[in-house]
Amino acid sequence: MSGCPVSHGSVPLSGPQFQADPARLYRDMRRDHGAVAPVTLDGNVPAWLILGYRELHQVTNDPVLFSRDSELWNQWDSIPGDWPLMPMIGRKQPSILYTVGERHTVRAAMISNALEAVDPFALKQYAEEFADALIDRFCSVGRTDIIAEYAMLLPALVLARLYGFSNEVGAPLVGALNDMIDGRERALAGQQHLGSSMAQLLADKHAEPGDDVATRMLEDPGGFTDEEVAQDLMVMMAAGHQPTADWMGNSLRLMLTDDRFAASLSGGRHSVAEAMNEVLWEDTPTQNVAGRWASRDTHLGGRHIRAGDLLLLGIAAANGDPQVRTDGSTLTGGNNAFLSFGHGEHRCPFPAQETAEVIARTGIEVLLDRLPDVDLAVPEEQLTRRPSPWLSGLTDLPVHFTPTPALGGPS
């Protein structure tokens with residue numbers, strides 16, 4: 001199995017195993033294949049999945065040998081135009097995801113500058129405002145599904161406000177984002193809806209600039225086209241919404257099911273930070289990332305990688321690599337050596353990481369402040385995950401609590 005990834009024993013990167021126990025799947029793959037495993041994507045498309053922490057560092061630290069340029073892929077001739085993973089592994093997309101070299105550096109600076117200019121107090125205010133408005137919808141009922149009614153809505157609403165959307169336009173983007181990220185039959189339709197929304201936003205900002213991310217990107221001296229800015233806003237929206245929603249959901253699941261956090265649910269701020277940090281190690285929302293393409297024949301983790309082969313970054317598997325987690329301990333507190341935000345020049349920009357953390361932490365804290373006795377409404381073993389190889393999150397998180405009056409703030 002040292003040549004083409006289409007070989008005996010390739011593991012399909014889809015199916016119920018990602019819903020049942022992805023961590024066990026990665027352990028089994030590492031046992032059977034080592035640090036780099038042959039996998040197949042939808043339609044029996046071959047790729048390599050990097051399971052090793054050191055190997056993932058090696059790939060992300062060498063953008064020349066392991067390029068972000070998807071044009072290098074040696075499988076394009078066999079990829080149909082309606083392939084459901086096209087939004088995740090695009091061709092000729094003028095976004096920062098597939099930009100390399102100096103142009104990528106300048107483009108990354110544009111995005112970082114636009115996000116860094118966000119007023120941190122305004123960001124927290126928006127997160128609190130939308131969190132309270134969402135909780136007002138169900139707080140008097142005494143039960144809800146945290147995923148569908150809260151976590152899957154809050155990040156997109158806050159990001160849409162930051163980027164310059166009105167609330168009326170921003171709210172419907174949630175469904176389109178989820179369709180696109182799940183990579184199934186509605187993925188292309190979700191991508192098209194998001195694209196048309198971004199194009200309209202930029203037209204509006206040309207006519208009436210504002211104090212928002214979209215306007216700052218349009219005014220950047222790098223001279224980027226509207227299409228490039230729209231593509232980058234789509235990337236930022238997708239990368240900022242769903243992983244943040246899953247970060248919230250996975251952290252709340254941990255706090256509601258683990259006795260270490262039970263005693264401090266009624267307002268312990270430190271426990272929220274610990275839960276969120278532990279999730280990034282043990283249950284990271286971003287499981288696998290597509291990807292990198294080998295610019296020439298090479299070797300990695302004992303495998304012969306051909307020029308043009310696709311390599312997928314196994315973030316969750318690398319975080320659990322026993323070569324760096326020798327004692328198998330739970331890592332909390334200040335240990336931030338996880339790879340959940342990527343690594344190297346294509347990692348998540350630091351201002352974007354900070355934005356996601358503020359949204360997720362504020363969302364959790366407001367929920368626990370408003371509903372201090374919130375508890376699971378079903379046994380823990382009944383909780384299930386979406387069967388996605390890319391992002392790991394719960395399908396639902398049903399809870400109950402003592403009904404409480406709505407605050408009646410902004411809708």
# chains A, B, ... in the order shown; residues from 1 in each chain; ligands from 1
>>> residues_around(residues="stretch 11-25 of chain A", least_positions_apart="5", cutoff="12 Å", atoms="only C-alpha atoms", output="MDAnalysis selection string")
chainID A and resid 5:6 30:33 36:49 51 85 182:184 281:285 287:290 312 314:321 381:395
>>> residues_around(residues="A:Trp73", least_positions_apart="4", cutoff="7 Å", atoms="only C-alpha atoms", output="count of residues only")
4
>>> closest_residue(among="A:Met88, A:Leu397, A:Ala294, A:Ala133", to="A:Leu188", atoms="only C-alpha atoms")
A:Met88
>>> closest_residue(among="A:Met276, A:Ala352, A:Val366, A:Leu313", to="A:Val213", atoms="only C-alpha atoms")
A:Ala352
>>> closest_residue(among="A:Glu102, A:Thr298, A:Leu159, A:Gly291", to="A:Leu311", atoms="only C-alpha atoms")
A:Gly291
>>> residues_around(residues="A:Pro398", least_positions_apart="3", cutoff="8 Å", atoms="only C-alpha atoms", output="PDB file with N, CA and C atoms, in the first residue's frame")
ATOM      1  N   ARG A 143     -37.731  23.517  28.499  1.00  0.00           N
ATOM      2  CA  ARG A 143     -36.982  22.493  27.757  1.00  0.00           C
ATOM      3  C   ARG A 143     -36.630  23.063  26.383  1.00  0.00           C
ATOM      4  N   THR A 144     -35.573  22.513  25.797  1.00  0.00           N
ATOM      5  CA  THR A 144     -35.187  22.930  24.448  1.00  0.00           C
ATOM      6  C   THR A 144     -34.155  21.960  23.918  1.00  0.00           C
ATOM      7  N   ASP A 145     -33.836  22.098  22.657  1.00  0.00           N
ATOM      8  CA  ASP A 145     -32.689  21.422  22.051  1.00  0.00           C
ATOM      9  C   ASP A 145     -31.619  22.485  21.847  1.00  0.00           C
ATOM     10  N   ILE A 146     -30.582  22.423  22.622  1.00  0.00           N
ATOM     11  CA  ILE A 146     -29.551  23.454  22.588  1.00  0.00           C
ATOM     12  C   ILE A 146     -28.907  23.573  21.216  1.00  0.00           C
ATOM     13  N   LEU A 376     -29.367  17.541  31.219  1.00  0.00           N
ATOM     14  CA  LEU A 376     -29.749  16.688  30.090  1.00  0.00           C
ATOM     15  C   LEU A 376     -31.150  16.136  30.286  1.00  0.00           C
ATOM     16  N   ALA A 377     -31.892  16.065  29.192  1.00  0.00           N
ATOM     17  CA  ALA A 377     -33.244  15.517  29.237  1.00  0.00           C
ATOM     18  C   ALA A 377     -33.285  14.057  28.791  1.00  0.00           C
ATOM     19  N   VAL A 378     -32.154  13.522  28.357  1.00  0.00           N
ATOM     20  CA  VAL A 378     -32.054  12.124  27.920  1.00  0.00           C
ATOM     21  C   VAL A 378     -30.779  11.535  28.492  1.00  0.00           C
TER      22      VAL A 378
END
>>> residues_around(residues="A:Ala199", least_positions_apart="5", cutoff="9 Å", atoms="only C-alpha atoms", output="PDB file with N, CA, C and O atoms, in the first residue's frame")
ATOM      1  N   LEU A 194     -25.131  31.234  -0.398  1.00  0.00           N
ATOM      2  CA  LEU A 194     -24.157  32.028   0.348  1.00  0.00           C
ATOM      3  C   LEU A 194     -23.416  32.973  -0.586  1.00  0.00           C
ATOM      4  O   LEU A 194     -23.193  34.148  -0.255  1.00  0.00           O
ATOM      5  N   ASP A 204     -24.005  46.437  -1.661  1.00  0.00           N
ATOM      6  CA  ASP A 204     -24.573  47.375  -0.686  1.00  0.00           C
ATOM      7  C   ASP A 204     -23.473  48.205  -0.023  1.00  0.00           C
ATOM      8  O   ASP A 204     -23.661  49.410   0.236  1.00  0.00           O
ATOM      9  N   ASP A 226     -13.821  42.302  -6.104  1.00  0.00           N
ATOM     10  CA  ASP A 226     -15.027  41.962  -5.355  1.00  0.00           C
ATOM     11  C   ASP A 226     -15.200  40.452  -5.272  1.00  0.00           C
ATOM     12  O   ASP A 226     -15.663  39.926  -4.245  1.00  0.00           O
ATOM     13  N   GLU A 227     -14.858  39.750  -6.347  1.00  0.00           N
ATOM     14  CA  GLU A 227     -15.005  38.295  -6.326  1.00  0.00           C
ATOM     15  C   GLU A 227     -14.084  37.682  -5.284  1.00  0.00           C
ATOM     16  O   GLU A 227     -14.487  36.760  -4.544  1.00  0.00           O
ATOM     17  N   ALA A 230     -15.551  38.479  -1.854  1.00  0.00           N
ATOM     18  CA  ALA A 230     -16.743  37.667  -1.616  1.00  0.00           C
ATOM     19  C   ALA A 230     -16.365  36.233  -1.275  1.00  0.00           C
ATOM     20  O   ALA A 230     -16.935  35.620  -0.351  1.00  0.00           O
TER      21      ALA A 230
END
>>> select_by_dssp(residues="stretch 45-290 of chain A", states="helix (DSSP H, G or I)", output="number ranges by chain")
A: 53-60, 70-72, 76-78, 96-98, 101-116, 120-138, 146-151, 154-163, 167-170, 173-182, 187-207, 213-218, 226-257, 259-262, 269-282
>>> atom_distance(atom1="atom CA of A:Ser112", atom2="atom CA of A:Pro349")
6.2 Å
>>> closest_residue(among="A:Thr215, A:Ile364, A:Ala151, A:Ser10", to="A:Ser271", atoms="only C-alpha atoms")
A:Ile364
>>> select_by_dssp(residues="stretch 57-292 of chain A", states="strand (DSSP E)", output="list in words")
Phe66, Ser67, Arg143, Thr144, Asp145, Asn288, Val289, Ala290, Gly291 and Arg292 of chain A
>>> residues_around(residues="A:Asp179", least_positions_apart="5", cutoff="12 Å", atoms="only C-alpha atoms", output="MDAnalysis selection string")
chainID A and resid 84:85 87:88 172:174 184:194 238 242 388
>>> closest_residue(among="A:Leu72, A:Val324, A:Val158, A:Cys348", to="A:Ser295", atoms="only C-alpha atoms")
A:Leu72
>>> residues_around(residues="A:Ala156", least_positions_apart="3", cutoff="12 Å", atoms="only C-alpha atoms", output="count of residues only")
42
